[in-house]
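model21.pdb (PDB, C-alpha atoms, pLDDT in the B column) appears below.
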```
ATOM      1  CA  ASP Y   1      75.496 104.222  99.670  1.00 62.00           C
ATOM      2  CA  THR Y   2      79.112 103.051  99.873  1.00 67.00           C
ATOM      3  CA  GLU Y   3      78.441  99.779 101.617  1.00 91.00           C
ATOM      4  CA  VAL Y   4      79.877  96.376 100.967  1.00 96.00           C
ATOM      5  CA  THR Y   5      78.206  93.646 102.985  1.00 97.00           C
ATOM      6  CA  GLN Y   6      79.660  90.272 103.885  1.00 97.00           C
ATOM      7  CA  THR Y   7      78.068  87.184 105.356  1.00 97.00           C
ATOM      8  CA  PRO Y   8      78.563  85.437 107.625  1.00 97.00           C
ATOM      9  CA  LYS Y   9      80.432  87.611 110.142  1.00 96.00           C
ATOM     10  CA  HIS Y  10      81.990  84.563 111.767  1.00 97.00           C
ATOM     11  CA  LEU Y  11      82.494  81.029 110.514  1.00 97.00           C
ATOM     12  CA  VAL Y  12      83.933  77.948 112.170  1.00 96.00           C
ATOM     13  CA  MET Y  13      84.556  74.949 109.965  1.00 93.00           C
ATOM     14  CA  GLY Y  14      86.321  71.639 110.054  1.00 90.00           C
ATOM     15  CA  MET Y  15      88.946  70.632 107.561  1.00 90.00           C
ATOM     16  CA  THR Y  16      86.522  68.390 105.677  1.00 89.00           C
ATOM     17  CA  ASN Y  17      83.693  70.914 105.448  1.00 90.00           C
ATOM     18  CA  LYS Y  18      82.528  72.897 102.455  1.00 95.00           C
ATOM     19  CA  LYS Y  19      81.357  76.424 103.115  1.00 96.00           C
ATOM     20  CA  SER Y  20      80.924  79.667 101.224  1.00 97.00           C
ATOM     21  CA  LEU Y  21      81.524  83.314 101.991  1.00 98.00           C
ATOM     22  CA  LYS Y  22      79.284  85.890 100.396  1.00 98.00           C
ATOM     23  CA  CYS Y  23      79.905  89.514  99.456  1.00 98.00           C
ATOM     24  CA  GLU Y  24      77.420  91.980  98.028  1.00 98.00           C
ATOM     25  CA  GLN Y  25      77.516  95.576  96.833  1.00 97.00           C
ATOM     26  CA  HIS Y  26      74.909  97.776  95.179  1.00 93.00           C
ATOM     27  CA  MET Y  27      77.112 100.682  94.149  1.00 93.00           C
ATOM     28  CA  GLY Y  28      77.291  99.612  90.516  1.00 92.00           C
ATOM     29  CA  HIS Y  29      80.952  98.714  90.909  1.00 93.00           C
ATOM     30  CA  ARG Y  30      82.358  96.383  88.273  1.00 92.00           C
ATOM     31  CA  ALA Y  31      85.493  95.234  90.092  1.00 92.00           C
ATOM     32  CA  MET Y  32      85.386  93.022  93.172  1.00 94.00           C
ATOM     33  CA  TYR Y  33      88.201  91.674  95.294  1.00 95.00           C
ATOM     34  CA  TRP Y  34      88.904  89.012  97.893  1.00 97.00           C
ATOM     35  CA  TYR Y  35      91.622  89.591 100.462  1.00 96.00           C
ATOM     36  CA  LYS Y  36      92.949  87.442 103.283  1.00 97.00           C
ATOM     37  CA  GLN Y  37      94.191  89.158 106.425  1.00 96.00           C
ATOM     38  CA  LYS Y  38      96.071  87.382 109.176  1.00 96.00           C
ATOM     39  CA  ALA Y  39      96.300  88.949 112.618  1.00 92.00           C
ATOM     40  CA  LYS Y  40      98.546  92.012 112.796  1.00 89.00           C
ATOM     41  CA  LYS Y  41      99.277  91.822 109.058  1.00 93.00           C
ATOM     42  CA  PRO Y  42      98.114  93.828 106.045  1.00 95.00           C
ATOM     43  CA  PRO Y  43      95.487  92.394 103.707  1.00 95.00           C
ATOM     44  CA  GLU Y  44      96.829  90.058 101.034  1.00 95.00           C
ATOM     45  CA  LEU Y  45      95.098  90.077  97.692  1.00 94.00           C
ATOM     46  CA  MET Y  46      93.659  86.736  96.596  1.00 96.00           C
ATOM     47  CA  PHE Y  47      91.416  87.374  93.593  1.00 95.00           C
ATOM     48  CA  VAL Y  48      90.130  90.214  91.441  1.00 93.00           C
ATOM     49  CA  TYR Y  49      87.045  90.122  89.240  1.00 94.00           C
ATOM     50  CA  SER Y  50      86.525  92.717  86.508  1.00 91.00           C
ATOM     51  CA  TYR Y  51      83.178  92.727  84.735  1.00 92.00           C
ATOM     52  CA  GLU Y  52      82.391  89.363  86.343  1.00 94.00           C
ATOM     53  CA  LYS Y  53      85.524  87.784  84.882  1.00 93.00           C
ATOM     54  CA  LEU Y  54      88.463  86.635  86.960  1.00 93.00           C
ATOM     55  CA  SER Y  55      91.333  88.979  86.136  1.00 89.00           C
ATOM     56  CA  ILE Y  56      93.815  88.302  88.937  1.00 87.00           C
ATOM     57  CA  ASN Y  57      94.503  85.111  90.855  1.00 88.00           C
ATOM     58  CA  GLU Y  58      97.433  85.587  93.193  1.00 89.00           C
ATOM     59  CA  SER Y  59      98.454  81.921  93.104  1.00 89.00           C
ATOM     60  CA  VAL Y  60      95.820  80.987  95.648  1.00 94.00           C
ATOM     61  CA  PRO Y  61      95.445  77.268  96.495  1.00 95.00           C
ATOM     62  CA  SER Y  62      92.588  75.511  94.736  1.00 95.00           C
ATOM     63  CA  ARG Y  63      90.814  74.866  98.029  1.00 96.00           C
ATOM     64  CA  PHE Y  64      89.644  78.483  97.596  1.00 97.00           C
ATOM     65  CA  SER Y  65      87.285  78.877  94.664  1.00 97.00           C
ATOM     66  CA  PRO Y  66      85.872  82.285  93.784  1.00 97.00           C
ATOM     67  CA  GLU Y  67      82.683  82.908  91.892  1.00 97.00           C
ATOM     68  CA  CYS Y  68      81.084  86.073  90.585  1.00 96.00           C
ATOM     69  CA  PRO Y  69      77.515  85.180  89.569  1.00 96.00           C
ATOM     70  CA  ASN Y  70      76.571  88.765  88.730  1.00 94.00           C
ATOM     71  CA  SER Y  71      77.912  92.288  89.026  1.00 91.00           C
ATOM     72  CA  SER Y  72      76.676  92.693  92.621  1.00 95.00           C
ATOM     73  CA  LEU Y  73      77.695  89.381  94.128  1.00 97.00           C
ATOM     74  CA  LEU Y  74      80.977  87.700  94.897  1.00 98.00           C
ATOM     75  CA  ASN Y  75      81.326  84.318  96.559  1.00 98.00           C
ATOM     76  CA  LEU Y  76      84.303  82.464  97.930  1.00 98.00           C
ATOM     77  CA  HIS Y  77      83.811  78.716  98.129  1.00 98.00           C
ATOM     78  CA  LEU Y  78      85.907  76.915 100.704  1.00 96.00           C
ATOM     79  CA  HIS Y  79      86.755  73.230 100.719  1.00 95.00           C
ATOM     80  CA  ALA Y  80      89.248  71.131 102.641  1.00 93.00           C
ATOM     81  CA  LEU Y  81      90.833  74.119 104.334  1.00 94.00           C
ATOM     82  CA  GLN Y  82      93.787  73.947 106.672  1.00 95.00           C
ATOM     83  CA  PRO Y  83      94.084  75.534 110.122  1.00 95.00           C
ATOM     84  CA  GLU Y  84      96.536  78.058 108.682  1.00 96.00           C
ATOM     85  CA  ASP Y  85      93.709  79.366 106.504  1.00 97.00           C
ATOM     86  CA  SER Y  86      92.111  80.842 109.614  1.00 97.00           C
ATOM     87  CA  ALA Y  87      91.984  84.591 109.025  1.00 97.00           C
ATOM     88  CA  LEU Y  88      89.768  87.576 108.336  1.00 97.00           C
ATOM     89  CA  TYR Y  89      88.501  87.454 104.764  1.00 97.00           C
ATOM     90  CA  LEU Y  90      87.764  90.851 103.324  1.00 97.00           C
ATOM     91  CA  CYS Y  91      85.787  91.700 100.242  1.00 97.00           C
ATOM     92  CA  ALA Y  92      86.172  94.993  98.413  1.00 96.00           C
ATOM     93  CA  SER Y  93      84.754  96.639  95.333  1.00 94.00           C
ATOM     94  CA  SER Y  94      85.699  99.511  93.052  1.00 92.00           C
ATOM     95  CA  GLN Y  95      84.089 101.328  90.174  1.00 89.00           C
ATOM     96  CA  LEU Y  96      86.545 100.449  87.361  1.00 79.00           C
ATOM     97  CA  GLY Y  97      87.584 103.028  84.857  1.00 73.00           C
ATOM     98  CA  GLY Y  98      89.288 105.166  87.488  1.00 72.00           C
ATOM     99  CA  GLY Y  99      92.696 103.727  86.797  1.00 76.00           C
ATOM    100  CA  PHE Y 100      95.404 103.918  89.414  1.00 76.00           C
ATOM    101  CA  GLN Y 101      93.479 106.371  91.567  1.00 78.00           C
ATOM    102  CA  GLU Y 102      90.484 104.120  91.956  1.00 85.00           C
ATOM    103  CA  THR Y 103      89.229 103.725  95.508  1.00 90.00           C
ATOM    104  CA  GLN Y 104      88.411 100.321  96.892  1.00 93.00           C
ATOM    105  CA  TYR Y 105      85.527 100.035  99.344  1.00 94.00           C
ATOM    106  CA  PHE Y 106      85.881  97.282 101.894  1.00 96.00           C
ATOM    107  CA  GLY Y 107      83.335  95.162 103.678  1.00 96.00           C
ATOM    108  CA  PRO Y 108      83.580  94.337 107.391  1.00 95.00           C
ATOM    109  CA  GLY Y 109      85.004  90.889 106.730  1.00 96.00           C
ATOM    110  CA  THR Y 110      84.262  87.298 107.677  1.00 97.00           C
ATOM    111  CA  ARG Y 111      86.353  85.902 110.491  1.00 97.00           C
ATOM    112  CA  LEU Y 112      87.095  82.282 109.652  1.00 97.00           C
ATOM    113  CA  LEU Y 113      88.365  79.658 112.055  1.00 97.00           C
ATOM    114  CA  VAL Y 114      89.397  76.286 110.679  1.00 96.00           C
ATOM    115  CA  LEU Y 115      89.609  73.493 113.219  1.00 94.00           C
TER     116      LEU Y 115
ATOM    117  CA  ALA W   1     107.706  97.119  91.179  1.00 75.00           C
ATOM    118  CA  GLN W   2     105.987  99.557  93.464  1.00 82.00           C
ATOM    119  CA  SER W   3     106.092  99.298  97.223  1.00 89.00           C
ATOM    120  CA  VAL W   4     105.409 101.237 100.404  1.00 93.00           C
ATOM    121  CA  THR W   5     107.214 101.117 103.716  1.00 96.00           C
ATOM    122  CA  GLN W   6     105.642 102.150 106.975  1.00 97.00           C
ATOM    123  CA  LEU W   7     108.155 103.052 109.630  1.00 93.00           C
ATOM    124  CA  GLY W   8     107.059 102.135 113.130  1.00 93.00           C
ATOM    125  CA  SER W   9     104.707  99.224 113.616  1.00 95.00           C
ATOM    126  CA  HIS W  10     103.450 100.839 116.827  1.00 97.00           C
ATOM    127  CA  VAL W  11     103.038 104.520 117.618  1.00 97.00           C
ATOM    128  CA  SER W  12     101.772 105.908 120.930  1.00 97.00           C
ATOM    129  CA  VAL W  13     100.641 109.485 121.434  1.00 97.00           C
ATOM    130  CA  SER W  14      98.858 111.316 124.197  1.00 97.00           C
ATOM    131  CA  GLU W  15      95.348 112.525 123.650  1.00 97.00           C
ATOM    132  CA  GLY W  16      95.539 115.995 122.105  1.00 97.00           C
ATOM    133  CA  ALA W  17      99.060 115.482 120.755  1.00 98.00           C
ATOM    134  CA  LEU W  18     100.155 115.491 117.134  1.00 98.00           C
ATOM    135  CA  VAL W  19      99.782 112.234 115.248  1.00 98.00           C
ATOM    136  CA  LEU W  20     102.462 111.422 112.660  1.00 98.00           C
ATOM    137  CA  LEU W  21     102.406 108.105 110.829  1.00 98.00           C
ATOM    138  CA  ARG W  22     105.127 107.560 108.280  1.00 98.00           C
ATOM    139  CA  CYS W  23     104.875 106.097 104.808  1.00 97.00           C
ATOM    140  CA  ASN W  24     107.609 106.032 102.163  1.00 96.00           C
ATOM    141  CA  TYR W  25     107.056 104.739  98.688  1.00 93.00           C
ATOM    142  CA  SER W  26     109.168 103.254  95.950  1.00 90.00           C
ATOM    143  CA  SER W  27     107.853 103.693  92.448  1.00 82.00           C
ATOM    144  CA  SER W  28     109.259 104.103  88.959  1.00 74.00           C
ATOM    145  CA  VAL W  29     106.158 105.999  87.873  1.00 77.00           C
ATOM    146  CA  PRO W  30     104.114 108.716  89.580  1.00 77.00           C
ATOM    147  CA  PRO W  31     102.472 106.880  92.467  1.00 84.00           C
ATOM    148  CA  TYR W  32      98.872 106.896  93.538  1.00 88.00           C
ATOM    149  CA  LEU W  33      98.843 106.558  97.305  1.00 93.00           C
ATOM    150  CA  PHE W  34      96.154 105.789  99.839  1.00 95.00           C
ATOM    151  CA  TRP W  35      95.760 105.763 103.603  1.00 97.00           C
ATOM    152  CA  TYR W  36      93.239 103.395 105.132  1.00 97.00           C
ATOM    153  CA  VAL W  37      92.215 102.903 108.757  1.00 97.00           C
ATOM    154  CA  GLN W  38      91.060  99.648 110.288  1.00 96.00           C
ATOM    155  CA  TYR W  39      89.286  99.587 113.624  1.00 94.00           C
ATOM    156  CA  PRO W  40      89.300  96.323 115.582  1.00 89.00           C
ATOM    157  CA  ASN W  41      87.307  93.547 113.933  1.00 83.00           C
ATOM    158  CA  GLN W  42      86.272  95.779 111.052  1.00 88.00           C
ATOM    159  CA  GLY W  43      87.104  96.296 107.420  1.00 91.00           C
ATOM    160  CA  LEU W  44      89.260  99.067 105.996  1.00 95.00           C
ATOM    161  CA  GLN W  45      87.990 102.609 105.585  1.00 95.00           C
ATOM    162  CA  LEU W  46      89.562 105.131 103.234  1.00 95.00           C
ATOM    163  CA  LEU W  47      91.029 108.145 105.009  1.00 97.00           C
ATOM    164  CA  LEU W  48      92.462 109.932 101.988  1.00 95.00           C
ATOM    165  CA  LYS W  49      94.247 109.420  98.698  1.00 93.00           C
ATOM    166  CA  TYR W  50      96.856 111.201  96.599  1.00 92.00           C
ATOM    167  CA  THR W  51      96.057 111.532  92.925  1.00 84.00           C
ATOM    168  CA  SER W  52      98.577 114.231  91.881  1.00 79.00           C
ATOM    169  CA  ALA W  53      95.976 117.019  91.906  1.00 77.00           C
ATOM    170  CA  ALA W  54      97.419 118.533  95.097  1.00 85.00           C
ATOM    171  CA  THR W  55     100.375 117.624  97.283  1.00 89.00           C
ATOM    172  CA  LEU W  56      98.515 118.315 100.536  1.00 94.00           C
ATOM    173  CA  VAL W  57      95.536 116.035 100.822  1.00 95.00           C
ATOM    174  CA  LYS W  58      92.834 116.429 103.409  1.00 95.00           C
ATOM    175  CA  GLY W  59      90.868 113.415 104.505  1.00 95.00           C
ATOM    176  CA  ILE W  60      88.196 112.412 106.921  1.00 95.00           C
ATOM    177  CA  ASN W  61      88.306 112.689 110.712  1.00 94.00           C
ATOM    178  CA  GLY W  62      90.782 115.586 110.613  1.00 96.00           C
ATOM    179  CA  PHE W  63      93.604 113.639 108.972  1.00 97.00           C
ATOM    180  CA  GLU W  64      95.784 114.966 106.193  1.00 97.00           C
ATOM    181  CA  ALA W  65      98.854 113.825 104.306  1.00 97.00           C
ATOM    182  CA  GLU W  66     101.496 115.612 102.292  1.00 95.00           C
ATOM    183  CA  PHE W  67     103.079 114.095  99.205  1.00 94.00           C
ATOM    184  CA  LYS W  68     106.792 114.910  99.026  1.00 93.00           C
ATOM    185  CA  LYS W  69     108.425 113.645  95.879  1.00 91.00           C
ATOM    186  CA  SER W  70     111.920 114.654  96.989  1.00 91.00           C
ATOM    187  CA  GLU W  71     111.559 112.492 100.099  1.00 93.00           C
ATOM    188  CA  THR W  72     109.371 109.800  98.461  1.00 93.00           C
ATOM    189  CA  SER W  73     107.044 110.185 101.406  1.00 95.00           C
ATOM    190  CA  PHE W  74     103.336 110.434 102.101  1.00 96.00           C
ATOM    191  CA  HIS W  75     103.134 110.804 105.869  1.00 97.00           C
ATOM    192  CA  LEU W  76      99.776 110.956 107.639  1.00 98.00           C
ATOM    193  CA  THR W  77      99.183 113.617 110.266  1.00 98.00           C
ATOM    194  CA  LYS W  78      96.492 114.865 112.584  1.00 98.00           C
ATOM    195  CA  PRO W  79      97.031 117.937 114.768  1.00 97.00           C
ATOM    196  CA  SER W  80      95.272 116.597 117.851  1.00 97.00           C
ATOM    197  CA  ALA W  81      94.772 112.919 118.630  1.00 97.00           C
ATOM    198  CA  HIS W  82      91.485 111.654 119.946  1.00 97.00           C
ATOM    199  CA  MET W  83      90.887 108.405 121.780  1.00 96.00           C
ATOM    200  CA  SER W  84      88.727 107.253 118.891  1.00 96.00           C
ATOM    201  CA  ASP W  85      91.761 107.427 116.559  1.00 97.00           C
ATOM    202  CA  ALA W  86      93.219 104.277 118.113  1.00 97.00           C
ATOM    203  CA  ALA W  87      93.316 101.811 115.236  1.00 97.00           C
ATOM    204  CA  GLU W  88      95.552 100.197 112.623  1.00 97.00           C
ATOM    205  CA  TYR W  89      96.600 102.427 109.735  1.00 98.00           C
ATOM    206  CA  PHE W  90      97.699 101.145 106.346  1.00 98.00           C
ATOM    207  CA  CYS W  91      99.427 103.015 103.576  1.00 97.00           C
ATOM    208  CA  ALA W  92      98.939 101.573 100.091  1.00 94.00           C
ATOM    209  CA  VAL W  93     100.103 102.246  96.538  1.00 91.00           C
ATOM    210  CA  SER W  94      98.082 101.368  93.489  1.00 87.00           C
ATOM    211  CA  ASP W  95      99.732  99.060  90.990  1.00 81.00           C
ATOM    212  CA  GLY W  96      98.708  97.342  87.792  1.00 71.00           C
ATOM    213  CA  GLY W  97      97.469  98.150  84.349  1.00 62.00           C
ATOM    214  CA  SER W  98      95.341  96.941  81.448  1.00 59.00           C
ATOM    215  CA  GLY W  99      92.223  97.908  83.347  1.00 61.00           C
ATOM    216  CA  THR W 100      92.968  95.913  86.480  1.00 69.00           C
ATOM    217  CA  TYR W 101      94.568  97.599  89.440  1.00 77.00           C
ATOM    218  CA  LYS W 102      95.524  96.369  92.845  1.00 85.00           C
ATOM    219  CA  TYR W 103      96.841  97.772  96.073  1.00 90.00           C
ATOM    220  CA  ILE W 104     100.233  97.064  97.518  1.00 90.00           C
ATOM    221  CA  PHE W 105      99.846  97.582 101.261  1.00 94.00           C
ATOM    222  CA  GLY W 106     102.422  98.582 103.811  1.00 96.00           C
ATOM    223  CA  THR W 107     102.795  96.491 106.937  1.00 96.00           C
ATOM    224  CA  GLY W 108     100.613  98.804 108.996  1.00 97.00           C
ATOM    225  CA  THR W 109     101.036 101.038 112.024  1.00 98.00           C
ATOM    226  CA  ARG W 110      99.026 100.512 115.161  1.00 97.00           C
ATOM    227  CA  LEU W 111      98.183 103.822 116.791  1.00 98.00           C
ATOM    228  CA  LYS W 112      97.625 103.904 120.516  1.00 97.00           C
ATOM    229  CA  VAL W 113      96.190 107.032 122.124  1.00 97.00           C
ATOM    230  CA  LEU W 114      96.966 107.553 125.783  1.00 97.00           C
ATOM    231  CA  ALA W 115      94.576 109.388 128.080  1.00 94.00           C
TER     232      ALA W 115
END
```
As structure tokens, how would this structure be written, given the file I've shared?
Amino acid sequence: DTEVTQTPKHLVMGMTNKKSLKCEQHMGHRAMYWYKQKAKKPPELMFVYSYEKLSINESVPSRFSPECPNSSLLNLHLHALQPEDSALYLCASSQLGGGFQETQYFGPGTRLLVL
Amino acid sequence: AQSVTQLGSHVSVSEGALVLLRCNYSSSVPPYLFWYVQYPNQGLQLLLKYTSAATLVKGINGFEAEFKKSETSFHLTKPSAHMSDAAEYFCAVSDGGSGTYKYIFGTGTRLKVLA
């Protein structure tokens, strides 16, 4: 099973709302990633968790708050977002230990619209 | 710093024709390169990856890519395009170290297949 699941599929929120995106994998992977993808653009890395610890934060605004409660789950908490944060948010996971040749497995994404 | 460049943001081919999507890399170390495909409103799916074991890499759905060090290229090909190949294609290079790796994506090429 090489599946990464993400919920919800779609999310509409106002600028004062608080919401969370959820990502789950049961492949035993120990690295998990959040990406943001704007229309017609490549994914941009936001955060990387290795062994449930945050290892990369690509200077993401604090209105995005990641959380990795266990090795299978990754959350992205959203608060006070701006309309320009509207995008497809992709989660990915990888095994760790594979080095540079490690494959990332992507979920289907959550399409977020901020009004 | 490593990077990849995808020449041609849009490529159109006729059904049954050869598909050629271009990717050139810039790397000071031997690169690890990946091709991903993204269908509309979906996540990314790995097509193939280069890990230095062989210069000609075969992937899923009839795609293959050849690593050419002299040309710093890793172009994606498929002998005969199918309508279902219409999608966005991303080339990526793996970067990082100390146990945490990340992808650097190219800007993507949208493939259109004409009937």
Set the distance at 10 Å and use only C-alpha atoms: which residues neighbour Ser50 in chain Y once local chain neighbours fewer than 3 positions away are removed? I'd like the list as a short mmCIF file (atom, residue, chain, number, x, y, z; two decimals) with C-alpha atoms, keeping the file's coordinate frame.
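Contents of result-v6.cif, as written:
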```cif
data_model
loop_
_atom_site.label_atom_id
_atom_site.label_comp_id
_atom_site.auth_asym_id
_atom_site.auth_seq_id
_atom_site.Cartn_x
_atom_site.Cartn_y
_atom_site.Cartn_z
CA HIS Y 29 80.95 98.71 90.91
CA ARG Y 30 82.36 96.38 88.27
CA ALA Y 31 85.49 95.23 90.09
CA MET Y 32 85.39 93.02 93.17
CA TYR Y 33 88.20 91.67 95.29
CA LYS Y 53 85.52 87.78 84.88
CA LEU Y 54 88.46 86.64 86.96
CA SER Y 55 91.33 88.98 86.14
CA ILE Y 56 93.82 88.30 88.94
CA CYS Y 68 81.08 86.07 90.58
CA SER Y 71 77.91 92.29 89.03
CA SER Y 93 84.75 96.64 95.33
CA SER Y 94 85.70 99.51 93.05
CA GLN Y 95 84.09 101.33 90.17
CA LEU Y 96 86.54 100.45 87.36
CA GLY W 99 92.22 97.91 83.35
CA THR W 100 92.97 95.91 86.48
CA TYR W 101 94.57 97.60 89.44
#
```
Kindly provide the residues of chain W that approach chain Y to within 12 Å, each paired with its closest atom pair and their distance in Å to one decimal, based on all atoms listed in the file, listed by chain and increasing number, as CSV.
```
residue,atom,partner,partner_atom,distance
W:Val4,CA,Y:Pro42,CA,11.8
W:Thr5,CA,Y:Pro42,CA,11.9
W:Gln6,CA,Y:Pro42,CA,11.3
W:Ser9,CA,Y:Lys40,CA,9.5
W:His10,CA,Y:Lys40,CA,10.9
W:Val29,CA,Y:Phe100,CA,11.1
W:Pro30,CA,Y:Phe100,CA,9.9
W:Pro31,CA,Y:Phe100,CA,8.2
W:Tyr32,CA,Y:Gln101,CA,5.8
W:Leu33,CA,Y:Gln101,CA,7.9
W:Phe34,CA,Y:Thr103,CA,8.4
W:Trp35,CA,Y:Thr103,CA,10.6
W:Tyr36,CA,Y:Gln104,CA,10.0
W:Val37,CA,Y:Phe106,CA,10.9
W:Gln38,CA,Y:Pro108,CA,9.6
W:Tyr39,CA,Y:Pro108,CA,9.9
W:Pro40,CA,Y:Pro108,CA,10.2
W:Asn41,CA,Y:Pro108,CA,7.6
W:Gln42,CA,Y:Pro108,CA,4.8
W:Gly43,CA,Y:Pro108,CA,4.0
W:Leu44,CA,Y:Phe106,CA,5.6
W:Gln45,CA,Y:Phe106,CA,6.8
W:Leu46,CA,Y:Tyr105,CA,7.6
W:Leu47,CA,Y:Thr103,CA,10.6
W:Leu48,CA,Y:Thr103,CA,9.5
W:Lys49,CA,Y:Gln101,CA,7.8
W:Tyr50,CA,Y:Gln101,CA,7.7
W:Thr51,CA,Y:Gln101,CA,5.9
W:Ser52,CA,Y:Gln101,CA,9.4
W:Ala53,CA,Y:Gln101,CA,10.9
W:Ala87,CA,Y:Lys40,CA,11.4
W:Glu88,CA,Y:Lys40,CA,8.7
W:Tyr89,CA,Y:Pro42,CA,9.5
W:Phe90,CA,Y:Pro42,CA,7.3
W:Cys91,CA,Y:Pro42,CA,9.6
W:Ala92,CA,Y:Pro42,CA,9.8
W:Val93,CA,Y:Phe100,CA,8.7
W:Ser94,CA,Y:Phe100,CA,5.5
W:Asp95,CA,Y:Phe100,CA,6.7
W:Gly96,CA,Y:Phe100,CA,7.5
W:Gly97,CA,Y:Gly99,CA,7.7
W:Ser98,CA,Y:Gly99,CA,9.0
W:Gly99,CA,Y:Gly99,CA,6.8
W:Thr100,CA,Y:Ser55,CA,7.1
W:Tyr101,CA,Y:Phe100,CA,6.4
W:Lys102,CA,Y:Leu45,CA,8.0
W:Tyr103,CA,Y:Leu45,CA,8.1
W:Ile104,CA,Y:Glu44,CA,8.5
W:Phe105,CA,Y:Pro42,CA,6.3
W:Gly106,CA,Y:Pro42,CA,6.8
W:Thr107,CA,Y:Pro42,CA,5.5
W:Gly108,CA,Y:Pro42,CA,6.3
W:Thr109,CA,Y:Lys40,CA,9.4
W:Arg110,CA,Y:Lys40,CA,8.8
```
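Run against this file, the PyMOL selection byres ((chain Y and resi 74) around 9) gives back Y:Leu21, Y:Lys22, Y:Cys23, Y:Glu24, Y:Gln25, Y:Met32, Y:Tyr33, Y:Trp34, Y:Tyr49, Y:Glu52, Y:Pro66, Y:Glu67, Y:Cys68, Y:Pro69, Y:Asn70, Y:Ser71, Y:Ser72, Y:Leu73, Y:Asn75, Y:Leu76, Y:Cys91.
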If the box runs along x, y and z of the file and leaves 6 Å on each side of range 54-68 of chain W, what are its centre and edge lengths in Å, one decimal, as JSON?
```
{"center_x": 97.5, "center_y": 115.5, "center_z": 102.9, "size_x": 30.6, "size_y": 18.1, "size_z": 27.6}
```
Between CA of Tyr35 in chain Y and CA of Phe74 in chain W, measure the distance and give it in Å to one decimal.
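Taking CA of Tyr35 in chain Y as the start and CA of Phe74 in chain W as the end point, the length is 24.0 Å.
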List the residues selected by the PyMOL selection byres ((chain Y and resi 18) around 8) in the file shown, writing them as an mmCIF file with C-alpha atoms, in the frame of the given file.
```
data_model
loop_
_atom_site.group_PDB
_atom_site.id
_atom_site.type_symbol
_atom_site.label_atom_id
_atom_site.label_comp_id
_atom_site.auth_asym_id
_atom_site.auth_seq_id
_atom_site.Cartn_x
_atom_site.Cartn_y
_atom_site.Cartn_z
ATOM 1 C CA THR Y 16 86.522 68.390 105.677
ATOM 2 C CA ASN Y 17 83.693 70.914 105.448
ATOM 3 C CA LYS Y 19 81.357 76.424 103.115
ATOM 4 C CA SER Y 20 80.924 79.667 101.224
ATOM 5 C CA HIS Y 77 83.811 78.716 98.129
ATOM 6 C CA LEU Y 78 85.907 76.915 100.704
ATOM 7 C CA HIS Y 79 86.755 73.230 100.719
ATOM 8 C CA ALA Y 80 89.248 71.131 102.641
#
```
What residues come out when you apply the PyMOL selection byres ((chain Y and resi 11-13) around 7) to this file, written as an NGL selection string?
:Y and (8-10 or 14-15 or 17 or 111-115)
For Lys78 in chain W, list every protein, DNA or RNA residue within 7 Å, evaluated using only C-alpha atoms, and leave out those in the same chain fewer than 3 positions away; present the list as a list in words.
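Answer for this query is Leu18, Val19, Leu20, Gly62, Phe63, Glu64 and Ala81 of chain W.
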Please indicate the distance in Å from CA of Asn24 in chain W to CA of Lys58 in chain W, rounded to one decimal place.
18.1 Å
